[in-house]
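*Asks:* Following this line is protein09.tsv, made up of TSV, C-alpha atoms:
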chain	number	residue	atom	x	y	z
A	1	MET	CA	-84.09	-160.93	-207.63
A	2	ASP	CA	-84.33	-162.73	-210.97
A	3	PHE	CA	-81.95	-160.25	-212.59
A	4	LEU	CA	-79.38	-160.52	-209.80
A	5	LEU	CA	-79.60	-164.31	-209.66
A	6	ALA	CA	-79.12	-164.46	-213.44
A	7	HIS	CA	-75.86	-162.56	-212.88
A	8	TYR	CA	-74.93	-164.33	-209.66
A	9	SER	CA	-71.47	-165.50	-210.77
A	10	ASP	CA	-70.62	-161.95	-211.92
A	11	LEU	CA	-71.52	-160.50	-208.51
A	12	ASN	CA	-68.33	-162.04	-207.03
A	13	LEU	CA	-69.87	-162.25	-203.58
A	14	LEU	CA	-67.46	-163.60	-200.96
A	15	TYR	CA	-70.11	-165.61	-199.13
A	16	PRO	CA	-71.60	-169.08	-199.49
A	17	PHE	CA	-74.71	-169.08	-201.71
A	18	PRO	CA	-77.29	-169.17	-198.85
A	19	VAL	CA	-75.73	-166.05	-197.28
A	20	SER	CA	-75.47	-164.34	-200.68
A	21	LEU	CA	-79.12	-165.13	-201.37
A	22	SER	CA	-80.10	-163.55	-198.06
A	23	TYR	CA	-78.31	-160.33	-199.06
A	24	ILE	CA	-79.94	-160.32	-202.48
A	25	ALA	CA	-83.42	-160.97	-201.05
A	26	SER	CA	-83.27	-158.86	-197.88
A	27	PRO	CA	-84.27	-155.53	-199.49
A	28	LEU	CA	-87.52	-157.18	-200.56
A	29	LEU	CA	-88.08	-159.17	-197.38
A	30	MET	CA	-87.06	-156.55	-194.80
A	31	GLU	CA	-89.05	-153.55	-196.05
A	32	GLY	CA	-85.99	-152.17	-197.79
A	33	THR	CA	-85.68	-150.76	-201.26
A	34	ALA	CA	-84.72	-152.47	-204.50
A	35	VAL	CA	-83.91	-150.38	-207.57
A	36	LEU	CA	-83.58	-151.47	-211.18
A	37	CYS	CA	-81.41	-149.41	-213.54
A	38	PHE	CA	-82.15	-149.09	-217.26
A	39	ASP	CA	-80.09	-147.77	-220.15
A	40	ASP	CA	-81.25	-145.28	-222.79
A	41	GLU	CA	-82.94	-148.10	-224.76
A	42	ASP	CA	-84.87	-149.29	-221.67
A	43	GLN	CA	-82.69	-152.39	-221.31
A	44	LEU	CA	-82.07	-153.58	-217.76
A	45	SER	CA	-78.49	-152.58	-216.98
A	46	GLY	CA	-78.16	-152.90	-213.21
A	47	ALA	CA	-79.77	-153.17	-209.80
A	48	PHE	CA	-79.10	-152.32	-206.20
A	49	GLY	CA	-80.90	-152.84	-202.93
A	50	TYR	CA	-80.65	-151.69	-199.35
A	51	ILE	CA	-82.22	-152.21	-195.95
A	52	HIS	CA	-82.78	-149.82	-193.06
A	53	GLY	CA	-80.94	-150.43	-189.81
A	54	THR	CA	-78.17	-152.71	-188.63
A	55	GLY	CA	-78.18	-156.13	-187.04
A	56	GLU	CA	-76.16	-154.93	-184.05
A	57	GLN	CA	-78.97	-152.43	-183.26
A	58	ASP	CA	-81.75	-154.94	-184.04
A	59	TYR	CA	-82.58	-152.83	-187.15
A	60	LYS	CA	-83.96	-150.00	-185.01
A	61	ASP	CA	-81.28	-147.54	-186.18
A	62	ARG	CA	-83.24	-146.76	-189.32
A	63	HIS	CA	-81.21	-143.63	-190.00
A	64	VAL	CA	-78.58	-146.06	-191.34
A	65	ILE	CA	-79.02	-147.97	-194.56
A	66	GLN	CA	-76.95	-150.94	-195.61
A	67	LEU	CA	-76.41	-151.54	-199.31
A	68	GLN	CA	-76.95	-155.27	-199.58
A	69	VAL	CA	-76.20	-155.73	-203.26
A	70	ALA	CA	-75.21	-153.58	-206.24
A	71	TYR	CA	-74.53	-154.71	-209.77
A	72	ILE	CA	-74.10	-153.11	-213.19
A	73	VAL	CA	-73.94	-155.29	-216.31
A	74	GLU	CA	-70.34	-155.24	-217.51
A	75	HIS	CA	-70.89	-153.55	-220.88
A	76	HIS	CA	-72.80	-150.76	-219.10
A	77	ARG	CA	-70.10	-150.10	-216.50
A	78	SER	CA	-68.66	-146.63	-216.82
A	79	THR	CA	-67.81	-143.62	-214.72
A	80	ARG	CA	-70.99	-141.96	-215.94
A	81	MET	CA	-73.21	-144.91	-214.93
A	82	PHE	CA	-71.58	-145.09	-211.50
A	83	TYR	CA	-72.02	-141.35	-210.88
A	84	GLU	CA	-75.60	-141.44	-212.13
A	85	ALA	CA	-76.39	-144.31	-209.76
A	86	LEU	CA	-74.89	-142.34	-206.84
A	87	GLN	CA	-76.90	-139.26	-207.87
A	88	PHE	CA	-80.07	-141.33	-208.03
A	89	LEU	CA	-79.42	-142.83	-204.59
A	90	VAL	CA	-78.84	-139.39	-203.04
A	91	SER	CA	-81.96	-138.00	-204.70
A	92	HIS	CA	-84.02	-141.02	-203.66
A	93	LEU	CA	-82.87	-140.74	-200.04
A	94	SER	CA	-83.62	-137.01	-200.02
A	95	ASP	CA	-87.18	-137.73	-201.16
A	96	GLN	CA	-87.81	-140.05	-198.20
A	97	GLU	CA	-89.68	-137.75	-195.84
A	98	GLU	CA	-90.80	-140.36	-193.32
A	99	GLU	CA	-87.27	-141.53	-192.48
A	100	ARG	CA	-84.16	-139.37	-192.73
A	101	VAL	CA	-81.13	-141.43	-193.66
A	102	GLU	CA	-77.86	-140.11	-192.26
A	103	GLU	CA	-75.43	-142.92	-193.06
A	104	ILE	CA	-74.83	-145.55	-195.73
A	105	ARG	CA	-72.82	-148.70	-195.09
A	106	PHE	CA	-71.55	-151.26	-197.55
A	107	TRP	CA	-69.03	-154.07	-197.88
A	108	ILE	CA	-67.05	-154.92	-201.00
A	109	PRO	CA	-64.09	-157.12	-201.92
A	110	GLY	CA	-60.90	-155.39	-200.78
A	111	GLU	CA	-59.10	-154.81	-204.04
A	112	PRO	CA	-56.83	-151.88	-204.98
A	113	ARG	CA	-59.15	-150.66	-207.75
A	114	THR	CA	-62.27	-150.60	-205.57
A	115	ARG	CA	-60.35	-149.03	-202.70
A	116	ARG	CA	-59.21	-146.16	-204.96
A	117	LEU	CA	-62.77	-145.65	-206.18
A	118	CYS	CA	-64.46	-145.81	-202.78
A	119	SER	CA	-61.86	-143.62	-201.05
A	120	ARG	CA	-63.18	-140.70	-203.12
A	121	PHE	CA	-66.47	-140.59	-201.25
A	122	ALA	CA	-66.48	-143.12	-198.37
A	123	ASP	CA	-64.48	-143.95	-195.25
A	124	LEU	CA	-62.86	-147.38	-194.97
A	125	LEU	CA	-63.66	-148.64	-191.48
A	126	SER	CA	-62.38	-152.17	-191.44
A	127	THR	CA	-60.95	-155.00	-193.49
A	128	VAL	CA	-61.74	-158.62	-192.76
A	129	ASP	CA	-59.78	-161.51	-194.22
A	130	GLN	CA	-62.07	-164.38	-195.18
A	131	THR	CA	-61.25	-167.70	-196.80
A	132	GLN	CA	-62.76	-166.41	-200.07
A	133	GLY	CA	-60.86	-163.10	-199.95
A	134	CYS	CA	-60.60	-159.75	-198.25
A	135	LEU	CA	-63.77	-157.76	-197.44
A	136	ASP	CA	-63.73	-153.99	-196.78
A	137	GLU	CA	-66.40	-152.15	-194.79
A	138	TYR	CA	-67.21	-148.58	-195.79
A	139	ARG	CA	-69.40	-145.86	-194.33
A	140	ILE	CA	-70.63	-142.67	-195.93
A	141	ASN	CA	-72.27	-139.68	-194.30
A	142	VAL	CA	-75.23	-138.86	-196.58
A	143	LYS	CA	-74.60	-135.11	-196.41
A	144	HIS	CA	-71.00	-135.72	-197.48
A	145	LEU	CA	-72.23	-137.88	-200.37
A	146	GLN	CA	-74.74	-135.18	-201.39
A	147	LYS	CA	-71.93	-132.64	-201.53
A	148	TYR	CA	-69.75	-135.07	-203.50
A	149	VAL	CA	-72.40	-135.83	-206.14
A	150	SER	CA	-73.30	-132.15	-206.47
A	151	THR	CA	-69.90	-131.59	-208.10
A	152	PHE	CA	-70.61	-134.07	-210.90
A	153	GLY	CA	-72.11	-131.44	-213.17
A	154	THR	CA	-68.78	-129.65	-213.21
A	155	ARG	CA	-66.80	-132.80	-214.08
A	156	SER	CA	-66.32	-134.61	-217.31
A	157	LEU	CA	-68.12	-137.94	-216.95
A	158	ALA	CA	-67.13	-139.46	-220.28
Would you mind giving the structure from this file in structure tokens?
*Replies:*
Amino acid sequence: MDFLLAHYSDLNLLYPFPVSLSYIASPLLMEGTAVLCFDDEDQLSGAFGYIHGTGEQDYKDRHVIQLQVAYIVEHHRSTRMFYEALQFLVSHLSDQEEERVEEIRFWIPGEPRTRRLCSRFADLLSTVDQTQGCLDEYRINVKHLQKYVSTFGTRSLA
């Protein structure tokens, strides 16, 4: 949480601070998962967190995870870092024997650049106009994401 709060303004969250704080903290408070990312020199370069279940199902649909927050320090942002984070997430979810995750959901600002990126591996379900900007909701079938990340070894990630 300290890392994400230190980079709060860079997160560009479209919510008031109390709501943003709840998204940042929920992976720790709701038995979710929080992951720190490090570069080759063991410097903290990013973080993401997710929770199991959805509010509309009273968090009982634990086969669904919701990414609550994801951030990579700007000078570490690259195609390679993004793909490696996706590969880690898929591997991590595959290792979870007690709960099989079938779907990933996330929301991000609706911008042309992020829409192009996310359309490669996720389905855009809805767009909501808010006073702070446009917010897109995406869903990913985990098996589809596994297949997508399995092709990374055959691509140039530079």
*Asks:* Expressed in Å to a single decimal, how great is the separation between CA of Ala70 (chain A) and CA of Leu4 (chain A)?
*Replies:* 8.8 Å
*Asks:* Just checking: using all atoms listed in the file, which residue out of A:Thr151, A:Ser94, A:Ser26, A:Thr79 ends up closest to Gly53 (chain A)?
*Replies:* A:Ser26
*Asks:* If we count all atoms listed in the file and set the cut-off at 7 Å, which residues sit around region 42-48 of chain A, ignoring sequence neighbours fewer than 5 positions away in its own chain? Please answer as a VMD selection string.
*Replies:* chain A and resid 34 to 37 69 to 73 76
*Asks:* In Å, with one decimal, what is the gap from CA of His63 (chain A) to CA of Leu13 (chain A)?
*Replies:*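 Between these atoms lies a distance of 25.7 Å.
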*Asks:* Enter the distance from CA of Val101 (chain A) to CA of Arg62 (chain A), in Å, rounded to one decimal.
*Replies:*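 These two atoms are separated by 7.2 Å.
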*Asks:* Kindly compute an axis-aligned box around the listed atoms of region 30-49 of chain A, allowing 8 Å on each side, and express its centre and edge lengths in Å to one decimal as JSON.
*Replies:*
{"center_x": -83.6, "center_y": -150.9, "center_z": -209.8, "size_x": 26.9, "size_y": 27.3, "size_z": 46.0}
*Asks:* Which residue is closest to Tyr50 (chain A)? Choose from A:Asp95, A:Trp107, A:Thr127, A:Leu135 and count all atoms listed in the file.
*Replies:*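 Under the stated criterion, the closest residue is A:Trp107.
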*Asks:* If you count only C-alpha atoms, which residues fall within 10 Å of Asp2 (chain A), apart from same-chain ones fewer than 5 positions away, as a list in words?
*Replies:*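 Contacts, with the query itself left out: His7, Tyr8 and Ile24 of chain A.
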*Asks:* Compare A:Gln57, A:Ser22, A:Ser91, A:Ser78 by their minimum atom-to-atom distance to Leu145 (chain A), counting only C-alpha atoms, and give me the closest one.
*Replies:*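 Between A:Gln57, A:Ser22, A:Ser91, A:Ser78, the residue approaching Leu145 (chain A) most closely is A:Ser91.
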*Asks:* What's the 9 Å shell around Gln132 (chain A), counting only C-alpha atoms, without same-chain residues fewer than 3 positions away, as a list in words?
*Replies:* Leu13, Leu14, Tyr15 and Asp129 of chain A
*Asks:* Give as a list in words each residue that has an atom at most 12 Å from (-69.1, -144.2, -216.2) in the file, counting all atoms listed in the file.
*Replies:*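 Returned residue set, sorted by chain then number, is Ile72, Glu74, His75, His76, Arg77, Ser78, Thr79, Arg80, Met81, Phe82, Tyr83, Glu84, Ala85, Leu86, Leu117, Phe152, Arg155, Ser156, Leu157 and Ala158 of chain A.
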